[in-house]
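Q: This is my_file_35.pdb (PDB, C-alpha atoms).
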```pdb
ATOM      1  CA  MET A 320     101.839 125.461 118.031
ATOM      2  CA  THR A 321      99.299 127.697 119.692
ATOM      3  CA  LYS A 322      97.890 126.710 123.066
ATOM      4  CA  ASP A 323      94.651 125.596 121.408
ATOM      5  CA  GLU A 324      96.607 123.485 118.916
ATOM      6  CA  VAL A 325      98.496 121.849 121.777
ATOM      7  CA  LEU A 326      95.249 121.036 123.605
ATOM      8  CA  ASN A 327      93.821 119.651 120.375
ATOM      9  CA  ARG A 328      96.948 117.542 119.878
ATOM     10  CA  LEU A 329      96.526 116.100 123.386
ATOM     11  CA  LYS A 330      92.842 115.371 122.720
ATOM     12  CA  GLU A 331      93.559 113.736 119.364
ATOM     13  CA  GLY A 332      96.313 111.613 120.895
ATOM     14  CA  ASN A 333      93.915 110.517 123.623
ATOM     15  CA  LYS A 334      91.310 109.594 120.988
ATOM     16  CA  ARG A 335      93.881 107.389 119.255
ATOM     17  CA  PHE A 336      94.820 105.812 122.596
ATOM     18  CA  THR A 337      91.217 105.011 123.549
ATOM     19  CA  ALA A 338      90.543 103.616 120.070
ATOM     20  CA  ASP A 339      93.660 101.408 120.251
ATOM     21  CA  LYS A 340      95.048 103.171 117.164
ATOM     22  CA  LYS A 341      98.247 104.623 118.600
ATOM     23  CA  GLU A 342     100.764 105.938 116.117
ATOM     24  CA  SER A 343     103.672 105.548 118.560
ATOM     25  CA  LYS A 344     105.827 107.967 116.589
ATOM     26  CA  LEU A 345     109.027 109.612 117.774
ATOM     27  CA  GLN A 346     110.214 106.621 119.761
ATOM     28  CA  ASP A 347     113.150 105.403 117.698
ATOM     29  CA  LYS A 348     116.924 105.820 117.546
ATOM     30  CA  SER A 349     116.801 108.904 115.336
ATOM     31  CA  ARG A 350     114.465 110.627 117.798
ATOM     32  CA  ARG A 351     116.735 109.740 120.715
ATOM     33  CA  GLU A 352     119.715 111.173 118.812
ATOM     34  CA  GLU A 353     117.758 114.321 117.933
ATOM     35  CA  LEU A 354     116.907 114.906 121.586
ATOM     36  CA  THR A 355     120.555 114.881 122.660
ATOM     37  CA  LYS A 356     120.620 118.469 121.349
ATOM     38  CA  GLY A 357     117.833 119.584 123.714
ATOM     39  CA  GLN A 358     114.138 119.383 124.363
ATOM     40  CA  SER A 359     111.072 121.495 123.644
ATOM     41  CA  PRO A 360     108.050 119.623 125.013
ATOM     42  CA  TYR A 361     104.703 121.018 123.884
ATOM     43  CA  ALA A 362     102.958 120.325 127.217
ATOM     44  CA  ILE A 363     103.681 119.813 130.900
ATOM     45  CA  VAL A 364     101.610 117.120 132.608
ATOM     46  CA  LEU A 365     101.375 117.020 136.393
ATOM     47  CA  SER A 366      99.990 113.549 136.955
ATOM     48  CA  CYS A 367      99.636 110.984 139.693
ATOM     49  CA  ALA A 368     102.422 108.438 140.121
ATOM     50  CA  ASP A 369      99.848 105.629 139.770
ATOM     51  CA  SER A 370     101.210 102.914 137.470
ATOM     52  CA  ARG A 371      97.892 102.719 135.621
ATOM     53  CA  VAL A 372      98.126 106.330 134.460
ATOM     54  CA  VAL A 373     100.900 106.954 131.935
ATOM     55  CA  PRO A 374     100.551 110.350 130.226
ATOM     56  CA  GLU A 375     102.884 109.500 127.350
ATOM     57  CA  LEU A 376     100.652 106.554 126.447
ATOM     58  CA  ALA A 377      97.337 108.271 127.234
ATOM     59  CA  PHE A 378      98.182 111.063 124.778
ATOM     60  CA  ASP A 379      99.987 108.829 122.241
ATOM     61  CA  SER A 380     103.072 111.004 122.462
ATOM     62  CA  GLY A 381     106.683 110.319 121.684
ATOM     63  CA  LEU A 382     110.011 111.093 123.280
ATOM     64  CA  GLY A 383     110.510 114.772 124.062
ATOM     65  CA  GLU A 384     106.876 115.777 123.571
ATOM     66  CA  LEU A 385     105.623 115.848 127.171
ATOM     67  CA  PHE A 386     107.364 117.173 130.265
ATOM     68  CA  THR A 387     105.811 114.795 132.773
ATOM     69  CA  VAL A 388     105.891 115.373 136.522
ATOM     70  CA  ARG A 389     104.439 112.501 138.541
ATOM     71  CA  VAL A 390     103.650 112.489 142.243
ATOM     72  CA  ALA A 391     100.957 110.611 144.173
ATOM     73  CA  GLY A 392      97.736 112.612 144.110
ATOM     74  CA  ASN A 393      99.147 114.951 141.432
ATOM     75  CA  VAL A 394      99.825 117.443 144.219
ATOM     76  CA  ALA A 395     101.630 120.764 143.958
ATOM     77  CA  ASN A 396     104.503 120.248 146.379
ATOM     78  CA  SER A 397     107.776 122.177 146.271
ATOM     79  CA  SER A 398     109.512 119.657 144.014
ATOM     80  CA  SER A 399     106.674 119.291 141.514
ATOM     81  CA  ILE A 400     106.234 123.074 141.341
ATOM     82  CA  ALA A 401     109.970 123.590 140.812
ATOM     83  CA  SER A 402     109.972 121.035 137.999
ATOM     84  CA  ILE A 403     107.073 122.819 136.302
ATOM     85  CA  GLU A 404     108.782 126.192 136.798
ATOM     86  CA  TYR A 405     111.826 124.819 134.994
ATOM     87  CA  ALA A 406     109.772 123.789 131.959
ATOM     88  CA  VAL A 407     107.945 127.134 131.861
ATOM     89  CA  ALA A 408     111.019 129.322 132.380
ATOM     90  CA  HIS A 409     113.681 127.377 130.496
ATOM     91  CA  LEU A 410     111.866 125.264 127.911
ATOM     92  CA  GLY A 411     109.086 127.687 126.990
ATOM     93  CA  THR A 412     106.304 125.128 127.460
ATOM     94  CA  GLU A 413     102.929 126.883 127.357
ATOM     95  CA  ILE A 414     100.364 124.269 128.470
ATOM     96  CA  ILE A 415     100.230 122.777 131.957
ATOM     97  CA  LEU A 416      97.800 119.886 132.351
ATOM     98  CA  VAL A 417      96.996 118.846 135.936
ATOM     99  CA  MET A 418      95.566 115.342 135.610
ATOM    100  CA  GLY A 419      93.841 113.411 138.366
ATOM    101  CA  HIS A 420      92.390 109.957 137.776
ATOM    102  CA  GLU A 421      89.622 107.545 138.662
ATOM    103  CA  SER A 422      90.103 105.551 141.896
ATOM    104  CA  CYS A 423      93.112 107.574 143.048
ATOM    105  CA  GLY A 424      94.690 105.802 146.006
ATOM    106  CA  ALA A 425      96.204 109.009 147.393
ATOM    107  CA  VAL A 426      92.805 110.723 147.410
ATOM    108  CA  ASN A 427      91.229 107.639 148.997
ATOM    109  CA  ALA A 428      93.928 107.661 151.685
ATOM    110  CA  ALA A 429      93.444 111.375 152.329
ATOM    111  CA  MET A 430      89.693 110.878 152.622
ATOM    112  CA  GLY A 431      90.223 107.955 154.999
ATOM    113  CA  GLY A 432      92.400 109.988 157.333
ATOM    114  CA  GLY A 433      94.448 108.405 160.074
ATOM    115  CA  ASP A 434      98.161 108.361 160.672
ATOM    116  CA  ASN A 435     100.095 107.277 157.596
ATOM    117  CA  GLY A 436     103.491 108.390 158.871
ATOM    118  CA  TYR A 437     105.226 111.742 158.508
ATOM    119  CA  ASN A 438     105.961 111.730 154.772
ATOM    120  CA  LEU A 439     102.660 110.342 153.541
ATOM    121  CA  ASN A 440     100.693 112.547 155.943
ATOM    122  CA  HIS A 441     102.541 115.551 154.513
ATOM    123  CA  LEU A 442     101.719 114.535 150.944
ATOM    124  CA  LEU A 443      98.071 113.835 151.757
ATOM    125  CA  SER A 444      97.709 117.231 153.458
ATOM    126  CA  HIS A 445      97.861 118.765 149.975
ATOM    127  CA  ILE A 446      94.592 116.963 149.144
ATOM    128  CA  ALA A 447      92.723 118.204 152.248
ATOM    129  CA  PRO A 448      91.449 121.412 150.555
ATOM    130  CA  ALA A 449      89.758 119.344 147.821
ATOM    131  CA  ILE A 450      88.076 117.174 150.442
ATOM    132  CA  ALA A 451      86.844 120.263 152.294
ATOM    133  CA  ALA A 452      85.604 121.917 149.091
ATOM    134  CA  SER A 453      83.820 118.764 147.906
ATOM    135  CA  GLY A 454      82.037 117.984 151.149
ATOM    136  CA  LYS A 455      82.453 115.179 153.662
ATOM    137  CA  ASP A 456      80.378 112.588 151.779
ATOM    138  CA  ALA A 457      81.479 113.431 148.242
ATOM    139  CA  PRO A 458      82.368 110.540 145.929
ATOM    140  CA  VAL A 459      86.090 109.974 145.353
ATOM    141  CA  ALA A 460      85.752 111.002 141.692
ATOM    142  CA  ASP A 461      84.407 114.417 142.722
ATOM    143  CA  VAL A 462      87.288 114.947 145.147
ATOM    144  CA  VAL A 463      89.830 113.891 142.493
ATOM    145  CA  LYS A 464      88.396 116.409 140.012
ATOM    146  CA  LYS A 465      88.290 119.159 142.646
ATOM    147  CA  ASN A 466      91.880 118.315 143.593
ATOM    148  CA  ALA A 467      92.984 118.755 139.956
ATOM    149  CA  GLU A 468      91.164 122.101 139.770
ATOM    150  CA  LEU A 469      92.573 123.379 143.072
ATOM    151  CA  THR A 470      96.074 122.172 142.221
ATOM    152  CA  ALA A 471      95.874 124.060 138.917
ATOM    153  CA  GLU A 472      95.082 127.215 140.901
ATOM    154  CA  GLU A 473      97.705 126.449 143.540
ATOM    155  CA  LEU A 474     100.430 126.397 140.883
ATOM    156  CA  LYS A 475      99.746 130.093 140.362
ATOM    157  CA  THR A 476      99.508 131.035 144.037
ATOM    158  CA  ARG A 477     102.695 129.218 145.043
ATOM    159  CA  SER A 478     104.875 130.154 142.069
ATOM    160  CA  THR A 479     105.712 133.615 140.816
ATOM    161  CA  ILE A 480     107.111 132.134 137.604
ATOM    162  CA  ILE A 481     103.923 130.215 136.806
ATOM    163  CA  ARG A 482     101.583 133.009 137.967
ATOM    164  CA  GLU A 483     103.296 135.656 135.843
ATOM    165  CA  ALA A 484     103.340 133.348 132.824
ATOM    166  CA  ALA A 485      99.627 132.583 133.274
ATOM    167  CA  GLU A 486      98.647 136.229 133.859
ATOM    168  CA  SER A 487     100.546 137.353 130.761
ATOM    169  CA  GLY A 488      98.822 134.687 128.652
ATOM    170  CA  LYS A 489     102.073 132.836 127.999
ATOM    171  CA  VAL A 490     100.868 129.735 129.873
ATOM    172  CA  LYS A 491      97.475 128.080 130.133
ATOM    173  CA  ILE A 492      96.741 125.685 133.014
ATOM    174  CA  VAL A 493      94.079 123.036 132.454
ATOM    175  CA  PRO A 494      92.730 120.483 134.962
ATOM    176  CA  ALA A 495      91.816 117.028 133.660
ATOM    177  CA  TYR A 496      90.515 113.633 134.786
ATOM    178  CA  TYR A 497      91.688 110.246 133.471
ATOM    179  CA  ASN A 498      89.134 107.408 133.359
ATOM    180  CA  LEU A 499      90.867 104.106 134.125
ATOM    181  CA  ASP A 500      88.386 101.833 132.359
ATOM    182  CA  SER A 501      88.327 103.641 129.009
ATOM    183  CA  GLY A 502      91.567 105.630 129.084
ATOM    184  CA  LYS A 503      89.589 108.727 128.130
ATOM    185  CA  VAL A 504      90.789 112.047 129.493
ATOM    186  CA  ASP A 505      88.098 114.560 130.418
ATOM    187  CA  PHE A 506      89.325 118.147 130.210
ATOM    188  CA  LEU A 507      87.650 119.979 133.099
TER     189      LEU A 507
END
```
Let me see the structure of the file written as structure tokens.

A:
Amino acid sequence: MTKDEVLNRLKEGNKRFTADKKESKLQDKSRREELTKGQSPYAIVLSCADSRVVPELAFDSGLGELFTVRVAGNVANSSSIASIEYAVAHLGTEIILVMGHESCGAVNAAMGGGDNGYNLNHLLSHIAPAIAASGKDAPVADVVKKNAELTAEELKTRSTIIREAAESGKVKIVPAYYNLDSGKVDFL
């Protein structure tokens, strides 16, 4: 599939999901057996760890179709970047979707500030640039969208593998926003 075909496949899957007409294909024993030989996911999704946001469901995809990396706030930390590098360099995946979502708790926590302990403070520090770029009184949704956009850019600045793949046209990075109430994904 071309990159545009992959994006269209994600959009069509999301339309089925929001219309409650999921096909739920590629989720049976034969698919599991097929995947023991290897994987070739058509898209990488860097998404929040929030239990309400499940990329495989939101895009009506089956086993082996999405390489999903989940971390609170869909941030580009060393582990999430390394996981994405693996899919780009070793699986040949050409679309990276960075998906934030409505009412993100990590973004809310980052906006609220305060001491959340060493580990959570470190994670939330990745969201600080989106807060600064959005303005002090910006709505959470605006900060979430800005965070997805900045994280998409950060993947290129912090990873030679991803940057070179993007600059050569091998990989396309797309920010997105998941609406909790409808399940609709807005491609930013």

Q: For this structure, which residues satisfy the selection - the PyMOL selection byres ((chain A and resi 462-472) around 9) - when it is evaluated on the file as given? I want them as an MDAnalysis selection string.

A: chainID A and resid 392:395 415:423 426 430 445:454 457:461 473:477 492:496 507

Q: Using C-alpha atoms, can you write the selected residues to a file as an mmCIF file, in the frame of the given file?

A:
```
data_model
loop_
_atom_site.group_PDB
_atom_site.id
_atom_site.type_symbol
_atom_site.label_atom_id
_atom_site.label_comp_id
_atom_site.auth_asym_id
_atom_site.auth_seq_id
_atom_site.Cartn_x
_atom_site.Cartn_y
_atom_site.Cartn_z
ATOM 1 C CA GLY A 392 97.736 112.612 144.110
ATOM 2 C CA ASN A 393 99.147 114.951 141.432
ATOM 3 C CA VAL A 394 99.825 117.443 144.219
ATOM 4 C CA ALA A 395 101.630 120.764 143.958
ATOM 5 C CA ILE A 415 100.230 122.777 131.957
ATOM 6 C CA LEU A 416 97.800 119.886 132.351
ATOM 7 C CA VAL A 417 96.996 118.846 135.936
ATOM 8 C CA MET A 418 95.566 115.342 135.610
ATOM 9 C CA GLY A 419 93.841 113.411 138.366
ATOM 10 C CA HIS A 420 92.390 109.957 137.776
ATOM 11 C CA GLU A 421 89.622 107.545 138.662
ATOM 12 C CA SER A 422 90.103 105.551 141.896
ATOM 13 C CA CYS A 423 93.112 107.574 143.048
ATOM 14 C CA VAL A 426 92.805 110.723 147.410
ATOM 15 C CA MET A 430 89.693 110.878 152.622
ATOM 16 C CA HIS A 445 97.861 118.765 149.975
ATOM 17 C CA ILE A 446 94.592 116.963 149.144
ATOM 18 C CA ALA A 447 92.723 118.204 152.248
ATOM 19 C CA PRO A 448 91.449 121.412 150.555
ATOM 20 C CA ALA A 449 89.758 119.344 147.821
ATOM 21 C CA ILE A 450 88.076 117.174 150.442
ATOM 22 C CA ALA A 451 86.844 120.263 152.294
ATOM 23 C CA ALA A 452 85.604 121.917 149.091
ATOM 24 C CA SER A 453 83.820 118.764 147.906
ATOM 25 C CA GLY A 454 82.037 117.984 151.149
ATOM 26 C CA ALA A 457 81.479 113.431 148.242
ATOM 27 C CA PRO A 458 82.368 110.540 145.929
ATOM 28 C CA VAL A 459 86.090 109.974 145.353
ATOM 29 C CA ALA A 460 85.752 111.002 141.692
ATOM 30 C CA ASP A 461 84.407 114.417 142.722
ATOM 31 C CA GLU A 473 97.705 126.449 143.540
ATOM 32 C CA LEU A 474 100.430 126.397 140.883
ATOM 33 C CA LYS A 475 99.746 130.093 140.362
ATOM 34 C CA THR A 476 99.508 131.035 144.037
ATOM 35 C CA ARG A 477 102.695 129.218 145.043
ATOM 36 C CA ILE A 492 96.741 125.685 133.014
ATOM 37 C CA VAL A 493 94.079 123.036 132.454
ATOM 38 C CA PRO A 494 92.730 120.483 134.962
ATOM 39 C CA ALA A 495 91.816 117.028 133.660
ATOM 40 C CA TYR A 496 90.515 113.633 134.786
ATOM 41 C CA LEU A 507 87.650 119.979 133.099
#
```

Q: Just want the 9 Å neighbourhood of Arg351 (chain A), counted on all atoms listed in the file, with same-chain residues fewer than 5 positions away dropped. Output as a list in words.

A: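 Non-adjacent residues within range: Leu345, Gln346, Leu382 and Gly383 of chain A.
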
Q: Report, in Å with one decimal, the straight-line distance from CA of Ala406 (chain A) to CA of Val325 (chain A).

A: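 Computed distance, CA of Ala406 (chain A) to CA of Val325 (chain A), equals 15.3 Å.
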
Q: Between A:Lys455, A:Asn427, A:Phe506, A:Leu365, which has the minimum distance to Ala401 (chain A) (counting only C-alpha atoms)?

A: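 For Ala401 (chain A), the nearest of the given residues is A:Leu365.
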
Q: Check the smallest atom-to-atom distance from each of A:Asn333, A:Glu413, A:Asn327, A:Glu384 to Arg350 (chain A) using all atoms listed in the file, then report the winner.

A: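 Closest candidate: A:Glu384.
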